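> Pasting in a structure now, in structure tokens, and then I'll have a few things to ask.
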Amino acid sequence: MKKTFTLFLSGIFIFCFSQKVELKSVTDSSQIFKGEISGIPIILHLNYTGIIDCNQYQHFVEGWYYYDKYQKKIPLTGVYDEGDLLLYYFGKKQQQQAKAFKEKITSPRWVEKTDSIAQKFRPAESFTFKRSASGHDIQGIFTLGNQPQQAKLYTKNSMIYRYNNYLLLPNNKKINTFDIINRAGGNSLVSTASDSSGNRVLLYFEQVSNFNYCGMCGASDGEKGYRVLYFTKDWNYKNYEQFLTESCRESIYNTISSSSKDAKTLKFSVKKTSSSPGYSFTVDIRNAAITKSK
């Protein structure tokens with residue numbers, strides 16, 4: 001399958017026949033959040049500092065927070081666990097205690113016990129933020145000594161490490177595939193086109209199948225294929241379609257492919273799997289379109 005893509009991709013990037021569109025890939029390893037403790041505004045700054053075991057989204061963080069009014073940075077260390085944030089300030093021995101704390105957390109089993117491990121080091125302050133399942137701001141608890149207080153982050157997503165693929169569109173518009181497709185990134189711009197129905201953007205993608213590299217498909221060659229993003233004439237995003245050429249999750253392998261002499265038309269024949277029938281699709285690079293057939 002790798003040979004198939006090597007054959008075609010070198011000749012197809014990038015054909016943009018309508019208004020200028022760019023794709024910019026940016027990987028974030030830090031985030032700044034605004035929030036509050038008992039209604040008092042704070043700023044929280046966190047850096048990704050390394051995966052704990054196999055899961056990209058179970059990792060250590062380091063950073064600081066301060067009250068807007070005083071802007072005195074208070075150091076923090078902790079764990080990001082699939083959307084949950086557990087953060088600790090150990091007082092005057094912050095660096096020493098943070099090192100010892102992290103040495104105790106070496107696997108998902110110990111990630112589950114993060115707070116009980118941290119408490120053995122007697123943190124002076126701590127934050128616990130739980131992932132938002134409702135689409136609202138992230139709620140949490142701030143503890144100073146033994147006194148808990150309500151805390152909040154003004155965001156729906158506490159993820160620190162992010163694969164951003166920004167599409168820079170006409171009319172000074174910008175969208176991120178992280179927000180509209182998934183968090184895996186791996187998109188490349190192939191072409192764009194416009195007609196009476198609106199605008200289209202054709203992307204090729206290669207991305208991981210599972211961010212838990214020890215889990216199912218974690219060590220696979222990943223997910224590969226094409227996406228067509230649809231926009232209005234004014235470049236307002238509508239929706240997208242996706243067509244896989246290889247997938248561990250969907251058990252799609254050994255896809256047969258061919259191309260026209262000018263490499264502007266690609267044809268793929270996807271074999272049937274245990275859960276879906278086989279099908280074919282044609283990628284029309286010039287018109288940023290994909291047609292599916294049986």
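Every chain in the structure tokens takes a letter, A first, then B, and so on in the order presented; its residues are numbered from 1, and the ligands are numbered from 1 following the presented order.
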Can you list, as a PyMOL selection string, all residues belonging to range 75-123 of chain A that DSSP tags as strand (DSSP E or B)?

chain A and resi 75-81+84-89

> Kindly export the residues of the current selection with N, CA and C atoms, as a compact mmCIF listing (two decimals), in the first residue's frame.


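And here's selection_38.txt as it stands now:
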```txt
# COMPACT_ATOMS: atom_id res chain seq x y z
N PRO A 75 4.23 27.99 40.57
CA PRO A 75 4.56 26.84 39.72
C PRO A 75 3.64 25.65 39.96
N LEU A 76 3.41 24.89 38.90
CA LEU A 76 2.55 23.72 38.96
C LEU A 76 3.19 22.55 38.21
N THR A 77 2.92 21.36 38.68
CA THR A 77 3.26 20.14 37.96
C THR A 77 2.05 19.23 38.03
N GLY A 78 1.91 18.33 37.07
CA GLY A 78 0.75 17.46 37.12
C GLY A 78 0.61 16.55 35.92
N VAL A 79 -0.62 16.11 35.70
CA VAL A 79 -0.93 15.11 34.69
C VAL A 79 -2.14 15.54 33.89
N TYR A 80 -2.03 15.37 32.58
CA TYR A 80 -3.19 15.48 31.69
C TYR A 80 -3.64 14.06 31.38
N ASP A 81 -4.91 13.73 31.67
CA ASP A 81 -5.41 12.38 31.48
C ASP A 81 -6.69 12.40 30.65
N ASP A 84 -8.87 15.25 31.61
CA ASP A 84 -8.79 15.65 33.01
C ASP A 84 -7.44 16.30 33.28
N LEU A 85 -7.43 17.30 34.14
CA LEU A 85 -6.19 17.96 34.55
C LEU A 85 -6.06 17.88 36.06
N LEU A 86 -4.92 17.36 36.51
CA LEU A 86 -4.62 17.30 37.94
C LEU A 86 -3.29 18.01 38.15
N LEU A 87 -3.32 19.14 38.89
CA LEU A 87 -2.18 20.04 38.99
C LEU A 87 -1.85 20.31 40.45
N TYR A 88 -0.52 20.43 40.74
CA TYR A 88 -0.10 20.54 42.14
C TYR A 88 1.04 21.54 42.32
N TYR A 89 0.95 22.28 43.43
CA TYR A 89 2.03 23.14 43.88
C TYR A 89 2.47 22.60 45.23
```

> Fewer than 4 positions away in the same chain doesn't count, so skip those; otherwise give me all residues within 9 Å of Lys104 in chain A, counting only C-alpha atoms, as a ChimeraX atom specification.

/A:100,110,114,117

> What gap, in Å, lies between CA of Phe101 in chain A and CA of Asn146 in chain A?

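Separation of CA of Phe101 in chain A and CA of Asn146 in chain A: 19.7 Å.
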
> When you look at Asn236 in chain A with a cut-off of 10 Å (counting only C-alpha atoms), what residues show up, excluding the ones that are within fewer than 6 positions of it in the same chain? I need them as a list in words.

Leu169, Asn171, Lys173, Lys174, Ile175, Gly198, Asn199 and Tyr230 of chain A

> With all heavy atoms retained, write the just-selected residues as a compact mmCIF listing (two decimals), in the first residue's frame.


```txt
# COMPACT_ATOMS: atom_id res chain seq x y z
N LEU A 169 -8.34 30.70 4.29
CA LEU A 169 -9.30 30.82 3.20
C LEU A 169 -9.43 32.26 2.73
O LEU A 169 -9.02 33.20 3.43
CB LEU A 169 -10.67 30.31 3.68
CG LEU A 169 -10.69 28.90 4.27
CD1 LEU A 169 -12.03 28.63 4.94
CD2 LEU A 169 -10.41 27.86 3.20
N ASN A 171 -11.30 35.86 1.94
CA ASN A 171 -12.12 36.72 2.81
C ASN A 171 -11.61 36.71 4.26
O ASN A 171 -12.38 36.90 5.20
CB ASN A 171 -13.59 36.29 2.78
CG ASN A 171 -14.18 36.31 1.39
OD1 ASN A 171 -13.74 37.08 0.53
ND2 ASN A 171 -15.17 35.47 1.13
N LYS A 173 -10.77 34.32 6.18
CA LYS A 173 -11.37 33.29 7.02
C LYS A 173 -10.37 32.17 7.29
O LYS A 173 -9.45 31.95 6.50
CB LYS A 173 -12.64 32.74 6.36
CG LYS A 173 -13.75 33.78 6.27
CD LYS A 173 -15.03 33.22 5.70
CE LYS A 173 -16.12 34.29 5.66
NZ LYS A 173 -17.39 33.79 5.11
N LYS A 174 -10.55 31.50 8.41
CA LYS A 174 -9.64 30.43 8.80
C LYS A 174 -10.41 29.37 9.58
O LYS A 174 -11.24 29.70 10.45
CB LYS A 174 -8.51 30.98 9.66
CG LYS A 174 -7.53 29.93 10.15
CD LYS A 174 -6.33 30.57 10.86
CE LYS A 174 -6.71 31.10 12.22
NZ LYS A 174 -5.50 31.53 12.99
N ILE A 175 -10.17 28.10 9.27
CA ILE A 175 -10.75 27.01 10.06
C ILE A 175 -9.63 26.03 10.39
O ILE A 175 -8.59 25.99 9.73
CB ILE A 175 -11.90 26.29 9.33
CG1 ILE A 175 -11.40 25.68 8.01
CG2 ILE A 175 -13.07 27.22 9.08
CD1 ILE A 175 -12.44 24.77 7.38
N GLY A 198 -20.81 26.27 -4.92
CA GLY A 198 -19.95 26.79 -3.87
C GLY A 198 -18.50 26.45 -4.11
O GLY A 198 -18.07 26.26 -5.25
N ASN A 199 -17.73 26.34 -3.04
CA ASN A 199 -16.30 26.05 -3.11
C ASN A 199 -15.98 24.71 -2.48
O ASN A 199 -16.67 24.26 -1.55
CB ASN A 199 -15.51 27.14 -2.38
CG ASN A 199 -15.70 28.51 -3.01
OD1 ASN A 199 -15.33 28.72 -4.16
ND2 ASN A 199 -16.31 29.43 -2.26
N TYR A 230 -16.61 21.09 1.91
CA TYR A 230 -17.56 21.89 1.13
C TYR A 230 -17.81 23.23 1.83
O TYR A 230 -18.01 23.29 3.05
CB TYR A 230 -18.87 21.14 0.96
CG TYR A 230 -18.72 19.85 0.19
CD1 TYR A 230 -18.54 18.63 0.85
CD2 TYR A 230 -18.76 19.83 -1.20
CE1 TYR A 230 -18.39 17.44 0.16
CE2 TYR A 230 -18.61 18.65 -1.92
CZ TYR A 230 -18.43 17.46 -1.24
OH TYR A 230 -18.28 16.28 -1.94
```

> Give me the residues within 10 Å of Ser276 in chain A as a PyMOL selection string, counting only C-alpha atoms and dropping any in the same chain fewer than 2 places off.

chain A and resi 250-252+271-274+278-279

> Once you have the residues from the selection above, write them out as a short mmCIF file (atom, residue, chain, number, x, y, z; two decimals), in the first residue's frame, restricted to C-alpha atoms.


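Dumped to out-v3.cif:
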```cif
data_model
loop_
_atom_site.label_atom_id
_atom_site.label_comp_id
_atom_site.auth_asym_id
_atom_site.auth_seq_id
_atom_site.Cartn_x
_atom_site.Cartn_y
_atom_site.Cartn_z
CA GLU A 250 -11.88 -0.33 9.20
CA SER A 251 -9.68 -3.26 8.06
CA ILE A 252 -9.07 -1.65 4.66
CA LYS A 271 -11.93 -4.41 -1.22
CA LYS A 272 -14.84 -5.60 0.87
CA THR A 273 -14.30 -6.12 4.57
CA SER A 274 -16.10 -8.16 7.20
CA GLY A 278 -16.26 -3.27 -1.59
CA TYR A 279 -16.51 -0.04 -3.59
#
```

> Apply DSSP to the backbone of this structure and, from range 61-185 of chain A, keep only the residues in alpha helix (DSSP H); write these as a CSV table (one decimal) with N, CA, C and O atoms, in the first residue's frame.


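File result_23.csv, as written:
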```csv
chain,number,residue,atom,x,y,z
A,94,GLN,N,9.1,22.6,45.5
A,94,GLN,CA,8.3,22.3,44.3
A,94,GLN,C,9.1,21.4,43.4
A,94,GLN,O,8.7,20.3,42.9
A,95,GLN,N,10.3,21.8,43.0
A,95,GLN,CA,11.1,21.1,42.0
A,95,GLN,C,11.5,19.7,42.5
A,95,GLN,O,11.3,18.7,41.8
A,96,GLN,N,11.9,19.5,43.8
A,96,GLN,CA,12.3,18.2,44.3
A,96,GLN,C,11.0,17.3,44.4
A,96,GLN,O,11.1,16.1,44.0
A,97,GLN,N,10.0,17.8,44.9
A,97,GLN,CA,8.8,17.0,45.1
A,97,GLN,C,8.1,16.7,43.8
A,97,GLN,O,7.6,15.6,43.6
A,98,ALA,N,8.1,17.6,42.8
A,98,ALA,CA,7.6,17.3,41.5
A,98,ALA,C,8.3,16.2,40.9
A,98,ALA,O,7.7,15.3,40.2
A,99,LYS,N,9.6,16.1,41.0
A,99,LYS,CA,10.4,15.1,40.4
A,99,LYS,C,10.0,13.7,41.0
A,99,LYS,O,9.8,12.7,40.3
A,100,ALA,N,10.0,13.7,42.3
A,100,ALA,CA,9.6,12.4,43.0
A,100,ALA,C,8.2,12.0,42.7
A,100,ALA,O,7.9,10.8,42.5
A,101,PHE,N,7.3,13.0,42.6
A,101,PHE,CA,5.9,12.7,42.2
A,101,PHE,C,5.8,12.0,40.8
A,101,PHE,O,5.2,11.0,40.7
A,102,LYS,N,6.5,12.5,39.9
A,102,LYS,CA,6.4,12.0,38.5
A,102,LYS,C,7.1,10.6,38.4
A,102,LYS,O,6.7,9.8,37.6
A,103,GLU,N,8.1,10.4,39.2
A,103,GLU,CA,8.8,9.1,39.2
A,103,GLU,C,7.8,8.0,39.6
A,103,GLU,O,8.1,6.8,39.3
A,108,PRO,N,-0.7,3.6,32.9
A,108,PRO,CA,-2.1,4.0,33.1
A,108,PRO,C,-2.6,3.6,34.5
A,108,PRO,O,-3.5,4.3,35.0
A,109,ARG,N,-2.1,2.5,35.0
A,109,ARG,CA,-2.6,2.0,36.3
A,109,ARG,C,-2.3,3.1,37.4
A,109,ARG,O,-3.1,3.4,38.3
A,110,TRP,N,-1.1,3.7,37.3
A,110,TRP,CA,-0.7,4.7,38.2
A,110,TRP,C,-1.3,6.1,37.9
A,110,TRP,O,-1.5,6.9,38.8
A,111,VAL,N,-1.6,6.3,36.6
A,111,VAL,CA,-2.3,7.6,36.3
A,111,VAL,C,-3.6,7.7,37.0
A,111,VAL,O,-4.0,8.7,37.5
A,114,THR,N,-3.3,9.2,40.4
A,114,THR,CA,-2.5,10.4,40.4
A,114,THR,C,-2.7,11.2,41.7
A,114,THR,O,-1.7,11.7,42.4
A,115,ASP,N,-3.9,11.5,42.1
A,115,ASP,CA,-4.2,12.3,43.2
A,115,ASP,C,-3.7,11.7,44.5
A,115,ASP,O,-3.1,12.4,45.4
A,116,SER,N,-4.0,10.4,44.7
A,116,SER,CA,-3.6,9.8,45.9
A,116,SER,C,-2.0,9.8,46.1
A,116,SER,O,-1.5,9.9,47.2
A,117,ILE,N,-1.3,9.7,44.9
A,117,ILE,CA,0.1,9.7,44.9
A,117,ILE,C,0.6,11.1,45.3
A,117,ILE,O,1.5,11.3,46.1
A,118,ALA,N,-0.1,12.2,44.7
A,118,ALA,CA,0.3,13.5,45.0
A,118,ALA,C,0.1,13.9,46.4
A,118,ALA,O,0.9,14.6,47.0
A,119,GLN,N,-1.0,13.4,47.0
A,119,GLN,CA,-1.3,13.8,48.4
A,119,GLN,C,-0.2,13.3,49.4
A,119,GLN,O,0.0,13.9,50.5
A,177,THR,N,-8.8,21.9,11.1
A,177,THR,CA,-9.4,20.6,11.0
A,177,THR,C,-9.5,19.9,12.4
A,177,THR,O,-10.3,19.0,12.6
A,178,PHE,N,-8.7,20.4,13.3
A,178,PHE,CA,-8.8,19.9,14.7
A,178,PHE,C,-10.2,20.1,15.2
A,178,PHE,O,-10.8,19.3,16.0
A,179,ASP,N,-10.9,21.2,14.8
A,179,ASP,CA,-12.2,21.5,15.3
A,179,ASP,C,-13.3,20.9,14.5
A,179,ASP,O,-14.4,20.6,15.0
A,180,ILE,N,-13.1,20.7,13.2
A,180,ILE,CA,-14.3,20.3,12.3
A,180,ILE,C,-14.2,18.8,11.9
A,180,ILE,O,-15.2,18.3,11.5
```

> What are the nearest atom pairs, with distances in Å to one decimal, for all residues of range 163-259 of chain A that come at most 8 Å from range 52-68 of chain A, using only C-alpha atoms, set out by chain and rising residue number as a Markdown table?


```
| residue | atom | partner | partner_atom | distance |
| --- | --- | --- | --- | --- |
| A:Phe211 | CA | A:Gln56 | CA | 5.4 |
| A:Asn212 | CA | A:Asn55 | CA | 4.0 |
| A:Tyr213 | CA | A:Cys54 | CA | 5.2 |
| A:Cys214 | CA | A:Cys54 | CA | 5.5 |
```

> Which of these, A:Asn187, A:Phe281, A:Ile37, A:Ser247, has the shortest distance to Leu144 in chain A once you count only C-alpha atoms?

A:Ile37

> Ranking A:Thr155, A:Thr106, A:Ser257, A:Gln147 by minimum distance to Gly35 in chain A and counting only C-alpha atoms, which one comes first?

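For Gly35 in chain A, the nearest of the given residues is A:Thr155.
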
> In terms of the shortest atom-to-atom distance over only C-alpha atoms, which of A:Lys20, A:His45, A:Arg200, A:Lys224 is closest to Asn239 in chain A?

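Answer, going by the shortest atom-to-atom distance: A:Arg200.
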
> Which one of A:Thr143, A:Ser194, A:Ser126, A:Asn172 sits closest to Gln19 in chain A if you count only C-alpha atoms?

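The closest residue to Gln19 in chain A is A:Ser194.
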
> Which residue out of A:Glu36, A:Asp195, A:Glu206, A:Glu22 has the minimum interatomic distance to Ile138 in chain A when only C-alpha atoms are used?

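Ranked by minimum distance to Ile138 in chain A, first place goes to A:Glu36.
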
> Would you mind listing what lies within 9 Å of range 27-29 of chain A as a VMD selection string, with only C-alpha atoms counted and same-chain residues fewer than 4 positions away left out?

chain A and resid 46 to 49 160 to 165 185
